[in-house]
file upload.tsv (TSV, C-alpha atoms)
chain	number	residue	atom	x	y	z
A	1	MET	CA	0.18	16.05	-10.21
A	2	GLU	CA	2.67	14.21	-8.08
A	3	ARG	CA	3.59	10.74	-9.33
A	4	ILE	CA	3.14	7.82	-6.93
A	5	PRO	CA	5.91	5.22	-7.13
A	6	MET	CA	4.77	1.62	-6.81
A	7	THR	CA	5.80	-1.85	-7.81
A	8	SER	CA	3.90	-3.71	-10.52
A	9	GLU	CA	2.57	-5.98	-7.77
A	10	GLY	CA	1.16	-2.95	-5.91
A	11	TYR	CA	-0.42	-1.64	-9.12
A	12	LYS	CA	-2.12	-5.00	-9.75
A	13	SER	CA	-3.52	-5.09	-6.21
A	14	LEU	CA	-5.05	-1.62	-6.70
A	15	GLU	CA	-6.64	-2.75	-9.96
A	16	GLU	CA	-8.03	-5.86	-8.25
A	17	GLU	CA	-9.51	-3.82	-5.41
A	18	ILE	CA	-11.20	-1.43	-7.88
A	19	LYS	CA	-12.60	-4.38	-9.81
A	20	PHE	CA	-13.96	-5.91	-6.59
A	21	LEU	CA	-15.52	-2.63	-5.43
A	22	LYS	CA	-17.18	-2.05	-8.81
A	23	SER	CA	-18.28	-5.59	-9.69
A	24	VAL	CA	-19.12	-7.04	-6.26
A	25	GLU	CA	-19.65	-4.29	-3.68
A	26	ARG	CA	-21.46	-1.78	-5.89
A	27	PRO	CA	-24.19	-4.27	-7.01
A	28	ARG	CA	-24.57	-5.56	-3.43
A	29	ILE	CA	-25.10	-2.02	-2.11
A	30	ILE	CA	-27.56	-1.15	-4.91
A	31	LYS	CA	-29.56	-4.26	-4.02
A	32	ALA	CA	-29.54	-3.30	-0.32
A	33	ILE	CA	-30.80	0.20	-1.18
A	34	ALA	CA	-33.58	-1.23	-3.33
A	35	GLU	CA	-34.64	-3.64	-0.57
A	36	ALA	CA	-34.62	-0.86	2.02
A	37	ARG	CA	-36.78	1.35	-0.23
A	38	GLU	CA	-39.41	-1.37	-0.30
A	39	HIS	CA	-39.86	-1.00	3.47
A	40	GLY	CA	-41.58	2.35	3.01
A	41	ASP	CA	-40.91	5.74	4.61
A	42	LEU	CA	-37.27	6.61	3.84
A	43	SER	CA	-36.98	9.37	6.48
A	44	GLU	CA	-37.08	6.85	9.32
A	45	ASN	CA	-35.56	3.89	7.49
A	46	ALA	CA	-32.23	3.02	9.14
A	47	GLU	CA	-31.45	0.27	6.61
A	48	TYR	CA	-31.81	2.74	3.75
A	49	HIS	CA	-29.57	5.34	5.40
A	50	ALA	CA	-26.94	2.71	6.24
A	51	ALA	CA	-26.94	1.41	2.66
A	52	LYS	CA	-26.64	4.96	1.27
A	53	GLU	CA	-23.70	5.60	3.60
A	54	GLN	CA	-22.05	2.37	2.40
A	55	GLN	CA	-22.60	3.52	-1.16
A	56	GLY	CA	-20.88	6.84	-0.46
A	57	LEU	CA	-17.91	5.16	1.20
A	58	ASN	CA	-17.58	2.64	-1.64
A	59	GLU	CA	-17.69	5.31	-4.36
A	60	SER	CA	-15.22	7.44	-2.42
A	61	ARG	CA	-12.77	4.52	-2.20
A	62	VAL	CA	-13.17	3.79	-5.94
A	63	ALA	CA	-12.40	7.45	-6.77
A	64	GLU	CA	-9.38	7.45	-4.44
A	65	LEU	CA	-7.95	4.27	-5.99
A	66	GLU	CA	-8.59	5.46	-9.55
A	67	ASP	CA	-6.73	8.69	-8.72
A	68	LYS	CA	-3.76	6.71	-7.40
A	69	ILE	CA	-3.72	4.50	-10.50
A	70	SER	CA	-3.83	7.53	-12.78
A	71	ARG	CA	-0.77	8.99	-11.00
A	72	ALA	CA	1.09	5.68	-10.62
A	73	GLU	CA	4.69	5.41	-11.67
A	74	VAL	CA	5.07	1.64	-11.95
A	75	ILE	CA	8.60	0.44	-11.40
A	76	ASP	CA	9.43	-3.10	-12.53
A	77	VAL	CA	11.75	-4.26	-9.75
A	78	SER	CA	12.81	-7.37	-11.69
A	79	LYS	CA	14.58	-5.12	-14.21
A	80	LEU	CA	16.59	-3.30	-11.53
A	81	SER	CA	20.00	-4.34	-10.31
A	82	GLY	CA	23.01	-2.95	-8.54
A	83	GLU	CA	24.76	-2.78	-5.24
A	84	THR	CA	23.12	0.37	-3.88
A	85	VAL	CA	19.74	0.55	-2.20
A	86	LYS	CA	16.98	2.21	-4.22
A	87	PHE	CA	13.22	1.87	-4.66
A	88	GLY	CA	12.20	-1.78	-4.96
A	89	ALA	CA	15.31	-3.19	-3.29
A	90	THR	CA	14.99	-6.03	-0.82
A	91	VAL	CA	17.51	-5.26	1.91
A	92	THR	CA	18.74	-7.63	4.61
A	93	LEU	CA	19.97	-5.82	7.72
A	94	VAL	CA	21.44	-6.79	11.03
A	95	ASP	CA	20.81	-4.75	14.17
A	96	GLU	CA	24.30	-3.86	15.43
A	97	ASP	CA	23.14	-3.98	19.08
A	98	THR	CA	21.09	-7.20	19.16
A	99	ASP	CA	22.46	-9.07	16.10
A	100	GLU	CA	18.84	-9.60	14.94
A	101	GLU	CA	18.43	-9.85	11.18
A	102	ALA	CA	15.54	-8.28	9.30
A	103	THR	CA	14.64	-8.14	5.62
A	104	TYR	CA	12.62	-5.31	4.09
A	105	GLN	CA	11.55	-4.40	0.58
A	106	ILE	CA	11.31	-0.68	-0.13
A	107	VAL	CA	7.96	0.04	-1.80
A	108	GLY	CA	5.47	2.86	-2.35
A	109	GLU	CA	3.40	4.24	0.52
A	110	ILE	CA	0.17	2.54	-0.53
A	111	GLU	CA	1.68	-0.95	-0.60
A	112	ALA	CA	3.70	-0.71	2.64
A	113	ASP	CA	3.00	-3.45	5.18
A	114	VAL	CA	5.67	-4.01	7.83
A	115	LYS	CA	4.19	-7.40	8.76
A	116	LYS	CA	4.97	-8.55	5.21
A	117	GLY	CA	8.42	-6.93	5.28
A	118	ARG	CA	7.43	-4.05	2.96
A	119	VAL	CA	8.39	-0.56	4.14
A	120	SER	CA	7.38	2.73	2.57
A	121	ILE	CA	9.94	4.77	0.65
A	122	THR	CA	9.04	7.64	3.01
A	123	SER	CA	9.66	5.67	6.22
A	124	PRO	CA	12.67	6.59	8.38
A	125	ILE	CA	14.39	3.25	7.75
A	126	ALA	CA	13.96	3.44	3.97
A	127	ARG	CA	15.18	7.05	3.84
A	128	ALA	CA	18.27	6.01	5.83
A	129	LEU	CA	18.96	3.07	3.48
A	130	ILE	CA	18.55	4.81	0.10
A	131	GLY	CA	21.90	5.19	-1.64
A	132	LYS	CA	23.77	2.89	0.75
A	133	SER	CA	25.55	-0.38	-0.16
A	134	VAL	CA	26.38	-3.76	1.37
A	135	GLY	CA	28.66	-3.33	4.39
A	136	ASP	CA	27.47	0.23	5.15
A	137	SER	CA	26.19	1.11	8.60
A	138	VAL	CA	23.08	3.24	8.87
A	139	GLU	CA	21.62	5.19	11.76
A	140	VAL	CA	17.82	5.20	11.93
A	141	ASN	CA	15.86	7.49	14.20
A	142	THR	CA	12.89	5.44	15.38
A	143	PRO	CA	10.12	6.36	17.82
A	144	GLY	CA	11.92	4.18	20.37
A	145	GLY	CA	15.26	5.98	19.84
A	146	GLY	CA	18.21	5.64	17.50
A	147	LYS	CA	19.07	2.26	15.98
A	148	SER	CA	22.18	1.15	14.13
A	149	TYR	CA	22.01	-1.38	11.29
A	150	GLU	CA	24.56	-2.92	8.95
A	151	ILE	CA	23.46	-3.79	5.41
A	152	LEU	CA	24.16	-7.47	4.71
A	153	LYS	CA	22.50	-7.92	1.32
A	154	VAL	CA	20.80	-5.87	-1.41
A	155	GLU	CA	18.61	-7.75	-3.93
A	156	TYR	CA	16.17	-6.88	-6.67
A	157	LYS	CA	13.64	-9.66	-7.16
call {"tool": "encode", "arguments": {"input": "upload.tsv", "output": "structure tokens"}}
result
Amino acid sequence: MERIPMTSEGYKSLEEEIKFLKSVERPRIIKAIAEAREHGDLSENAEYHAAKEQQGLNESRVAELEDKISRAEVIDVSKLSGETVKFGATVTLVDEDTDEEATYQIVGEIEADVKKGRVSITSPIARALIGKSVGDSVEVNTPGGGKSYEILKVEYK
């Protein structure tokens, strides 16, 4: 089984989602199925079929999340330090062409969200940054073409 790297924050969010799916969604769906059964003939009961489909999707998501939690390799970023970029680092970059600054934290695939400044360890930019230090220039192949960045700051918070 392949381990899944994630921050402790990402691990907690998975646990919270599982708790929500089991304690809120599951009872709601069971109630919807029971109500739909009361309407009679199940073969032509759209509400019943919709509720059963919701149940399948919910249970599938629970199983998927439990699998990820069982394979999680939780990395406590607050205990990391150093000058080189590695998993969990928050990196401030400047685009060498436009002088625009950007800050990204390198996280596991399941917790990546570019809008929140969290990029996956498997993304092109993260792969280019791993092992580099402040002052280094990195070339990143993006869908829009090559980009050049300089690393301004590496933090672990």
call {"tool": "closest_residue", "arguments": {"input": "upload.tsv", "among": "A:Leu21, A:Leu93, A:Val77, A:Leu57", "to": "Ile151 (chain A)", "atoms": "all atoms listed in the file"}}
result
A:Leu93
call {"tool": "closest_residue", "arguments": {"input": "upload.tsv", "among": "A:Lys153, A:Ala32, A:Glu2, A:Thr90", "to": "Arg71 (chain A)", "atoms": "only C-alpha atoms"}}
result
A:Glu2
call {"tool": "closest_residue", "arguments": {"input": "upload.tsv", "among": "A:Asp67, A:Glu155, A:Met6, A:Gly144", "to": "Ser120 (chain A)", "atoms": "all atoms listed in the file"}}
result
A:Met6
call {"tool": "axis_aligned_box", "arguments": {"input": "upload.tsv", "around": "region 36-55 of chain A", "padding_each_side": "5 Å", "output": "lines of an AutoDock Vina configuration file"}}
result
center_x = -31.8
center_y = 4.0
center_z = 4.1
size_x = 29.5
size_y = 20.7
size_z = 20.5
call {"tool": "residues_around", "arguments": {"input": "upload.tsv", "residues": "Glu53 (chain A)", "least_positions_apart": "6", "cutoff": "12 Å", "atoms": "only C-alpha atoms", "output": "list in words"}}
result
Ile29, Ile30, Ala32, Ile33, Ala46, Glu47, Glu59 and Ser60 of chain A
call {"tool": "closest_residue", "arguments": {"input": "upload.tsv", "among": "A:Glu111, A:Met1, A:Tyr149, A:Val62", "to": "Ala128 (chain A)", "atoms": "all atoms listed in the file"}}
result
A:Tyr149
call {"tool": "closest_residue", "arguments": {"input": "upload.tsv", "among": "A:Ser123, A:Val85, A:Val107, A:Lys116", "to": "Gly135 (chain A)", "atoms": "only C-alpha atoms"}}
result
A:Val85
call {"tool": "closest_residue", "arguments": {"input": "upload.tsv", "among": "A:Ile130, A:Arg118, A:Asp99, A:Ala51", "to": "Phe87 (chain A)", "atoms": "only C-alpha atoms"}}
result
A:Ile130
call {"tool": "atom_distance", "arguments": {"input": "upload.tsv", "atom1": "CA of Glu25 (chain A)", "atom2": "CA of Asn45 (chain A)"}}
result
21.1 Å
call {"tool": "atom_distance", "arguments": {"input": "upload.tsv", "atom1": "CA of Lys157 (chain A)", "atom2": "CA of Lys86 (chain A)"}}
result
12.7 Å
call {"tool": "atom_distance", "arguments": {"input": "upload.tsv", "atom1": "CA of Ser8 (chain A)", "atom2": "CA of Ile110 (chain A)"}}
result
12.4 Å
call {"tool": "residues_around", "arguments": {"input": "upload.tsv", "residues": "Gly10 (chain A)", "least_positions_apart": "2", "cutoff": "12 Å", "atoms": "only C-alpha atoms", "output": "PyMOL selection string"}}
result
chain A and resi 4-8+12-17+65+68-69+72-77+88+106-113+118+120
call {"tool": "residues_around", "arguments": {"input": "upload.tsv", "residues": "Lys147 (chain A)", "least_positions_apart": "4", "cutoff": "12 Å", "atoms": "all atoms listed in the file", "output": "list in words"}}
result
Leu93, Val94, Asp95, Glu96, Asp97, Thr98, Asp99, Glu100, Pro124, Ile125, Ala128, Ser137, Val138, Glu139, Val140, Asn141, Thr142 and Pro143 of chain A
call {"tool": "build_atoms", "arguments": {"input": "upload.tsv", "residues": "region 114-132 of chain A", "atoms": "N, CA and C atoms", "output": "compact mmCIF listing (two decimals), keeping the file's coordinate frame"}}
result
# COMPACT_ATOMS: atom_id res chain seq x y z
N VAL A 114 4.50 -3.55 7.08
CA VAL A 114 5.67 -4.01 7.83
C VAL A 114 5.58 -5.49 8.16
N LYS A 115 4.36 -5.98 8.43
CA LYS A 115 4.19 -7.40 8.76
C LYS A 115 4.63 -8.30 7.61
N LYS A 116 4.54 -7.78 6.39
CA LYS A 116 4.97 -8.55 5.21
C LYS A 116 6.38 -8.16 4.79
N GLY A 117 7.05 -7.33 5.59
CA GLY A 117 8.42 -6.93 5.28
C GLY A 117 8.51 -5.88 4.18
N ARG A 118 7.46 -5.08 4.01
CA ARG A 118 7.43 -4.05 2.96
C ARG A 118 7.33 -2.69 3.64
N VAL A 119 8.38 -1.88 3.51
CA VAL A 119 8.39 -0.56 4.14
C VAL A 119 8.27 0.54 3.09
N SER A 120 7.60 1.60 3.47
CA SER A 120 7.38 2.73 2.57
C SER A 120 8.67 3.48 2.29
N ILE A 121 8.79 3.97 1.07
CA ILE A 121 9.94 4.77 0.65
C ILE A 121 10.09 6.01 1.53
N THR A 122 9.00 6.44 2.16
CA THR A 122 9.04 7.64 3.01
C THR A 122 9.31 7.33 4.47
N SER A 123 9.42 6.05 4.83
CA SER A 123 9.66 5.67 6.22
C SER A 123 11.08 6.03 6.63
N PRO A 124 11.32 6.24 7.92
CA PRO A 124 12.67 6.59 8.38
C PRO A 124 13.73 5.56 7.98
N ILE A 125 13.39 4.27 8.08
CA ILE A 125 14.39 3.25 7.75
C ILE A 125 14.71 3.26 6.26
N ALA A 126 13.70 3.42 5.41
CA ALA A 126 13.96 3.44 3.97
C ALA A 126 14.77 4.68 3.58
N ARG A 127 14.43 5.82 4.16
CA ARG A 127 15.18 7.05 3.84
C ARG A 127 16.65 6.91 4.27
N ALA A 128 16.89 6.21 5.37
CA ALA A 128 18.27 6.01 5.83
C ALA A 128 19.03 5.05 4.91
N LEU A 129 18.31 4.09 4.31
CA LEU A 129 18.96 3.07 3.48
C LEU A 129 19.24 3.52 2.04
N ILE A 130 18.41 4.41 1.50
CA ILE A 130 18.55 4.81 0.10
C ILE A 130 19.97 5.33 -0.18
N GLY A 131 20.57 4.76 -1.23
CA GLY A 131 21.90 5.19 -1.64
C GLY A 131 23.04 4.46 -0.96
N LYS A 132 22.73 3.64 0.03
CA LYS A 132 23.77 2.89 0.75
C LYS A 132 24.04 1.56 0.06
